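In what follows, a single structure is set out as structure tokens and then discussed.
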Amino acid sequence: RLKEICDVAVFHDDQHGTAVITTAGLMNVIEMSGKKAQDLKVVIIGAGAAGIACGNMYKLLGVKNITMLDSKGVIHSERSDLNKYKQVFALDTTDRNLEDAMKGADMVLGLSKPDLITADMVKSMSDSNPIIFACANPNPEIKPPEAKAARSDVIIGTGRSDFANQVNNVLGFPQIFRGALDVRATKITENMKMAAAKALASLAKEEVPDIVKKAHNRDVMEFGSEYVIPSPFDRRVLVWVASAVAGAAIEDGVARVKDFDLDAYRTKLERLAQHLDGNA
């Protein structure tokens, strides 16, 4: 309703911020594993605003097979208690619970509560490089040590900074709004969100500054299973995401600032990032 009545950008971070960040991580894991988005089986635990936003963005990425669960189990076509948002994800399937759904899954996104995922469930996932983004905070659906004990090839991220692959909304919404506000965007479009996700995915492949490694107490941080998305401590996130979002807003015709100089804008953001690092 706010999007309809306001002529300024309106964005729910818990929904779309989560979608942007997890989509960025998924993009990179797809690249690392050699899998294709359209061939993935994705399981989303939690059918609230965030889960549905993530599912919709994964569809834009090309994912076709999404099993979503709410507090009553798998969202399937025989249920009569689904609202219009859940009905979109209702599958014709015999899966009824999380244990069923996780068999053969390539990715599991947890947006629910602690300790729902067991070691046996992890073992039942796809044959190579299964992905788990366990985002329940402060205690995830499964902790990384437990998941890795079950499967050495699992790629796991959580919302916590004390584990590798921190899947945290702070990677997205401040910079998304920075880019949107600087071009005076009238709305946040799907293209702007995808541009932010692509920018984050690309930044993860760049060399990580020492100041970021120090913040995580890690000597090695490089693109791979232990580093699929950038760190929230990396000031370059501001530069990459805000400039990508501003550019997408211009492309979509929702920017009210005319003749916006993207190159000069990026240079300005780089100077700001350097200043912030200097004061860290």
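Starting from 1 in every chain, residues are counted up; chains themselves are A, B, ... following the order of the structure tokens, and ligands are numbered from 1 as listed.
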
Contacts of segment 192-196 of chain A within 9 Å, only C-alpha atoms, excl. fewer than 2 positions in-chain, as a CSV table (one decimal) with C-alpha atoms, in the first residue's frame:
chain,number,residue,atom,x,y,z
A,16,HIS,CA,13.9,-7.9,0.2
A,17,GLY,CA,17.2,-7.3,2.0
A,19,ALA,CA,16.4,-11.9,-0.7
A,20,VAL,CA,19.2,-9.7,-2.2
A,21,ILE,CA,21.9,-11.1,0.1
A,23,THR,CA,20.6,-14.4,-4.0
A,24,ALA,CA,24.1,-13.0,-4.2
A,57,MET,CA,13.8,-13.5,-6.3
A,60,LEU,CA,13.9,-14.4,-11.3
A,61,LEU,CA,17.3,-16.0,-11.1
A,172,GLY,CA,22.2,-4.7,1.4
A,175,GLN,CA,23.7,0.8,0.4
A,176,ILE,CA,20.6,0.0,-1.7
A,180,ALA,CA,18.2,5.0,-4.6
A,188,ILE,CA,12.9,0.1,-5.7
A,189,THR,CA,12.5,-2.1,-8.8
A,190,GLU,CA,13.3,-5.8,-9.2
A,198,LYS,CA,25.1,-9.1,-8.7
A,199,ALA,CA,27.3,-6.4,-7.3
A,200,LEU,CA,27.8,-8.3,-4.0
A,201,ALA,CA,28.4,-11.5,-5.9
A,240,TRP,CA,29.7,-1.5,-5.5
A,241,VAL,CA,26.1,-1.8,-4.3
A,242,ALA,CA,25.1,1.9,-4.2
A,243,SER,CA,26.5,2.6,-7.7
A,244,ALA,CA,24.9,-0.6,-9.1
A,245,VAL,CA,21.5,0.4,-7.7
A,246,ALA,CA,21.8,4.0,-8.9
A,247,GLY,CA,22.7,2.7,-12.4
A,248,ALA,CA,19.7,0.3,-12.4
A,249,ALA,CA,17.3,3.0,-11.3
A,252,ASP,CA,14.5,1.6,-15.3

Could you find all residues in segment 23-193 of chain A that DSSP calls alpha helix (DSSP H) from the backbone, and write them as a ChimeraX atom specification?
/A:23-33,49-61,84-87,98-102,119-123,144-150,173-182,190-193

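Between atom CA of Tyr85 of chain A and atom CA of Ala136 of chain A the interatomic distance comes to 21.7 Å.
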
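Going from atom CA of Leu116 of chain A over to atom CA of Asn56 of chain A, you cover 23.3 Å.
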
As a compact mmCIF listing (two decimals) with N, CA and C atoms, in the first residue's frame, please: the residues near Gln166 of chain A (cut-off 9 Å, only C-alpha atoms, same-chain neighbours under 5 positions excluded).
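Below you can see part.txt, which holds the result:
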# COMPACT_ATOMS: atom_id res chain seq x y z
N GLY A 157 26.32 -20.79 5.36
CA GLY A 157 26.40 -19.43 5.86
C GLY A 157 25.35 -19.22 6.94
N THR A 158 25.63 -18.30 7.85
CA THR A 158 24.67 -17.95 8.91
C THR A 158 24.61 -16.43 9.01
N GLY A 159 23.81 -15.93 9.92
CA GLY A 159 23.73 -14.50 10.12
C GLY A 159 24.81 -13.96 11.05
N ARG A 160 25.70 -14.84 11.51
CA ARG A 160 26.66 -14.46 12.55
C ARG A 160 28.04 -14.15 11.98
N SER A 161 28.71 -13.19 12.60
CA SER A 161 30.04 -12.78 12.15
C SER A 161 31.14 -13.71 12.65
N TYR A 227 33.98 -18.29 1.62
CA TYR A 227 33.83 -16.85 1.35
C TYR A 227 33.02 -16.69 0.06
N ILE A 229 30.20 -14.57 -0.10
CA ILE A 229 29.69 -13.20 -0.17
C ILE A 229 30.65 -12.30 0.60
N PRO A 230 30.66 -11.00 0.27
CA PRO A 230 31.58 -10.09 0.96
C PRO A 230 31.25 -9.96 2.45
N SER A 231 32.20 -9.44 3.18
CA SER A 231 32.01 -9.19 4.61
C SER A 231 31.29 -7.85 4.81
N PRO A 232 30.41 -7.77 5.79
CA PRO A 232 29.80 -6.48 6.11
C PRO A 232 30.82 -5.44 6.56

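Taking atom CA of Pro174 of chain A and atom CA of Arg235 of chain A as the two end points, the separation is 11.8 Å.
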
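Each of A:Ala185, A:Asn168, A:Asn191, A:Val43 was checked against Ile117 of chain A using only C-alpha atoms; the smallest atom-to-atom distance is that of A:Val43.
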
Find the residues near Gly51 of chain A: any atom within 12 Å, counting only C-alpha atoms, skip ones fewer than 2 places away on the same chain, and give them as a PDB file with N, CA and C atoms, in the first residue's frame.
ATOM      1  N   ASP A  14      13.685  -6.735   5.931  1.00  0.00           N
ATOM      2  CA  ASP A  14      13.604  -8.138   6.334  1.00  0.00           C
ATOM      3  C   ASP A  14      13.107  -9.021   5.195  1.00  0.00           C
ATOM      4  N   GLN A  15      12.319  -8.446   4.303  1.00  0.00           N
ATOM      5  CA  GLN A  15      11.893  -9.191   3.121  1.00  0.00           C
ATOM      6  C   GLN A  15      12.973  -9.144   2.046  1.00  0.00           C
ATOM      7  N   HIS A  16      13.108  -7.972   1.450  1.00  0.00           N
ATOM      8  CA  HIS A  16      13.881  -7.856   0.211  1.00  0.00           C
ATOM      9  C   HIS A  16      15.382  -7.763   0.456  1.00  0.00           C
ATOM     10  N   GLY A  17      15.782  -7.255   1.618  1.00  0.00           N
ATOM     11  CA  GLY A  17      17.196  -7.274   1.957  1.00  0.00           C
ATOM     12  C   GLY A  17      17.707  -8.702   2.068  1.00  0.00           C
ATOM     13  N   THR A  18      16.926  -9.542   2.739  1.00  0.00           N
ATOM     14  CA  THR A  18      17.285 -10.956   2.853  1.00  0.00           C
ATOM     15  C   THR A  18      17.354 -11.614   1.479  1.00  0.00           C
ATOM     16  N   ALA A  19      16.393 -11.274   0.627  1.00  0.00           N
ATOM     17  CA  ALA A  19      16.377 -11.852  -0.723  1.00  0.00           C
ATOM     18  C   ALA A  19      17.612 -11.449  -1.512  1.00  0.00           C
ATOM     19  N   VAL A  20      17.991 -10.188  -1.436  1.00  0.00           N
ATOM     20  CA  VAL A  20      19.160  -9.701  -2.174  1.00  0.00           C
ATOM     21  C   VAL A  20      20.429 -10.417  -1.713  1.00  0.00           C
ATOM     22  N   THR A  22      20.900 -13.298   0.041  1.00  0.00           N
ATOM     23  CA  THR A  22      20.964 -14.742  -0.205  1.00  0.00           C
ATOM     24  C   THR A  22      21.036 -15.044  -1.699  1.00  0.00           C
ATOM     25  N   VAL A  42      15.471 -26.210  -4.400  1.00  0.00           N
ATOM     26  CA  VAL A  42      15.658 -25.266  -3.296  1.00  0.00           C
ATOM     27  C   VAL A  42      14.563 -25.468  -2.260  1.00  0.00           C
ATOM     28  N   VAL A  43      14.955 -25.516  -1.006  1.00  0.00           N
ATOM     29  CA  VAL A  43      14.011 -25.641   0.104  1.00  0.00           C
ATOM     30  C   VAL A  43      14.081 -24.376   0.945  1.00  0.00           C
ATOM     31  N   ILE A  44      12.941 -23.771   1.216  1.00  0.00           N
ATOM     32  CA  ILE A  44      12.873 -22.570   2.049  1.00  0.00           C
ATOM     33  C   ILE A  44      12.058 -22.883   3.296  1.00  0.00           C
ATOM     34  N   ILE A  45      12.726 -22.807   4.445  1.00  0.00           N
ATOM     35  CA  ILE A  45      12.052 -23.073   5.722  1.00  0.00           C
ATOM     36  C   ILE A  45      11.556 -21.747   6.273  1.00  0.00           C
ATOM     37  N   GLY A  46      10.265 -21.535   6.207  1.00  0.00           N
ATOM     38  CA  GLY A  46       9.678 -20.270   6.639  1.00  0.00           C
ATOM     39  C   GLY A  46       8.963 -19.622   5.474  1.00  0.00           C
ATOM     40  N   ALA A  47       7.668 -19.419   5.612  1.00  0.00           N
ATOM     41  CA  ALA A  47       6.857 -18.890   4.526  1.00  0.00           C
ATOM     42  C   ALA A  47       6.292 -17.519   4.871  1.00  0.00           C
ATOM     43  N   GLY A  48       7.047 -16.769   5.666  1.00  0.00           N
ATOM     44  CA  GLY A  48       6.643 -15.404   5.973  1.00  0.00           C
ATOM     45  C   GLY A  48       7.096 -14.449   4.893  1.00  0.00           C
ATOM     46  N   ALA A  49       7.143 -13.168   5.234  1.00  0.00           N
ATOM     47  CA  ALA A  49       7.488 -12.147   4.249  1.00  0.00           C
ATOM     48  C   ALA A  49       8.862 -12.389   3.629  1.00  0.00           C
ATOM     49  N   ALA A  53       9.655 -13.442  -0.318  1.00  0.00           N
ATOM     50  CA  ALA A  53      10.476 -12.521  -1.106  1.00  0.00           C
ATOM     51  C   ALA A  53      11.691 -13.238  -1.687  1.00  0.00           C
ATOM     52  N   CYS A  54      12.331 -14.093  -0.886  1.00  0.00           N
ATOM     53  CA  CYS A  54      13.480 -14.861  -1.373  1.00  0.00           C
ATOM     54  C   CYS A  54      13.059 -15.797  -2.495  1.00  0.00           C
ATOM     55  N   GLY A  55      11.951 -16.499  -2.298  1.00  0.00           N
ATOM     56  CA  GLY A  55      11.467 -17.416  -3.331  1.00  0.00           C
ATOM     57  C   GLY A  55      11.199 -16.705  -4.643  1.00  0.00           C
ATOM     58  N   ASN A  56      10.595 -15.529  -4.566  1.00  0.00           N
ATOM     59  CA  ASN A  56      10.302 -14.767  -5.777  1.00  0.00           C
ATOM     60  C   ASN A  56      11.576 -14.317  -6.483  1.00  0.00           C
ATOM     61  N   MET A  57      12.597 -13.941  -5.703  1.00  0.00           N
ATOM     62  CA  MET A  57      13.844 -13.490  -6.326  1.00  0.00           C
ATOM     63  C   MET A  57      14.607 -14.668  -6.916  1.00  0.00           C
ATOM     64  N   TYR A  58      14.555 -15.822  -6.271  1.00  0.00           N
ATOM     65  CA  TYR A  58      15.202 -17.008  -6.830  1.00  0.00           C
ATOM     66  C   TYR A  58      14.556 -17.387  -8.164  1.00  0.00           C
ATOM     67  N   ILE A  66      11.085 -25.004  -6.138  1.00  0.00           N
ATOM     68  CA  ILE A  66      11.179 -24.453  -4.790  1.00  0.00           C
ATOM     69  C   ILE A  66      10.145 -25.127  -3.893  1.00  0.00           C
ATOM     70  N   THR A  67      10.627 -25.775  -2.841  1.00  0.00           N
ATOM     71  CA  THR A  67       9.747 -26.352  -1.824  1.00  0.00           C
ATOM     72  C   THR A  67       9.780 -25.434  -0.613  1.00  0.00           C
ATOM     73  N   MET A  68       8.633 -24.910  -0.234  1.00  0.00           N
ATOM     74  CA  MET A  68       8.551 -23.987   0.897  1.00  0.00           C
ATOM     75  C   MET A  68       7.786 -24.651   2.039  1.00  0.00           C
ATOM     76  N   LEU A  69       8.235 -24.381   3.252  1.00  0.00           N
ATOM     77  CA  LEU A  69       7.567 -24.941   4.432  1.00  0.00           C
ATOM     78  C   LEU A  69       7.146 -23.826   5.376  1.00  0.00           C
ATOM     79  N   ASP A  70       5.977 -23.976   5.971  1.00  0.00           N
ATOM     80  CA  ASP A  70       5.561 -23.101   7.056  1.00  0.00           C
ATOM     81  C   ASP A  70       5.475 -23.936   8.331  1.00  0.00           C
ATOM     82  N   TYR A  85      -0.441 -15.658  -1.003  1.00  0.00           N
ATOM     83  CA  TYR A  85       1.014 -15.592  -1.175  1.00  0.00           C
ATOM     84  C   TYR A  85       1.628 -16.988  -1.138  1.00  0.00           C
ATOM     85  N   LYS A  86       1.120 -17.826  -0.235  1.00  0.00           N
ATOM     86  CA  LYS A  86       1.628 -19.192  -0.144  1.00  0.00           C
ATOM     87  C   LYS A  86       1.148 -20.056  -1.301  1.00  0.00           C
ATOM     88  N   PHE A  89       3.360 -20.906  -4.171  1.00  0.00           N
ATOM     89  CA  PHE A  89       4.446 -21.863  -3.977  1.00  0.00           C
ATOM     90  C   PHE A  89       3.931 -23.276  -3.676  1.00  0.00           C
ATOM     91  N   VAL A 108      19.245 -25.136   0.931  1.00  0.00           N
ATOM     92  CA  VAL A 108      18.238 -24.939   1.974  1.00  0.00           C
ATOM     93  C   VAL A 108      18.445 -23.562   2.572  1.00  0.00           C
ATOM     94  N   LEU A 109      17.383 -22.783   2.611  1.00  0.00           N
ATOM     95  CA  LEU A 109      17.393 -21.462   3.239  1.00  0.00           C
ATOM     96  C   LEU A 109      16.555 -21.529   4.501  1.00  0.00           C
ATOM     97  N   GLY A 110      17.175 -21.250   5.641  1.00  0.00           N
ATOM     98  CA  GLY A 110      16.468 -21.282   6.911  1.00  0.00           C
ATOM     99  C   GLY A 110      16.097 -19.889   7.379  1.00  0.00           C
ATOM    100  N   LEU A 111      14.816 -19.661   7.535  1.00  0.00           N
ATOM    101  CA  LEU A 111      14.304 -18.382   8.047  1.00  0.00           C
ATOM    102  C   LEU A 111      13.284 -18.711   9.133  1.00  0.00           C
ATOM    103  N   SER A 112      13.733 -19.494  10.105  1.00  0.00           N
ATOM    104  CA  SER A 112      12.762 -20.060  11.034  1.00  0.00           C
ATOM    105  C   SER A 112      13.238 -20.011  12.481  1.00  0.00           C
ATOM    106  N   CYS A 135      19.703 -18.833   8.618  1.00  0.00           N
ATOM    107  CA  CYS A 135      19.670 -17.417   8.984  1.00  0.00           C
ATOM    108  C   CYS A 135      18.967 -17.093  10.292  1.00  0.00           C
TER     109      CYS A 135
END

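Distance annotation: of A:Leu82, A:Val74, A:Met121, A:Val10, the residue with the minimal separation from Phe173 of chain A is A:Val10; atom set is only C-alpha atoms.
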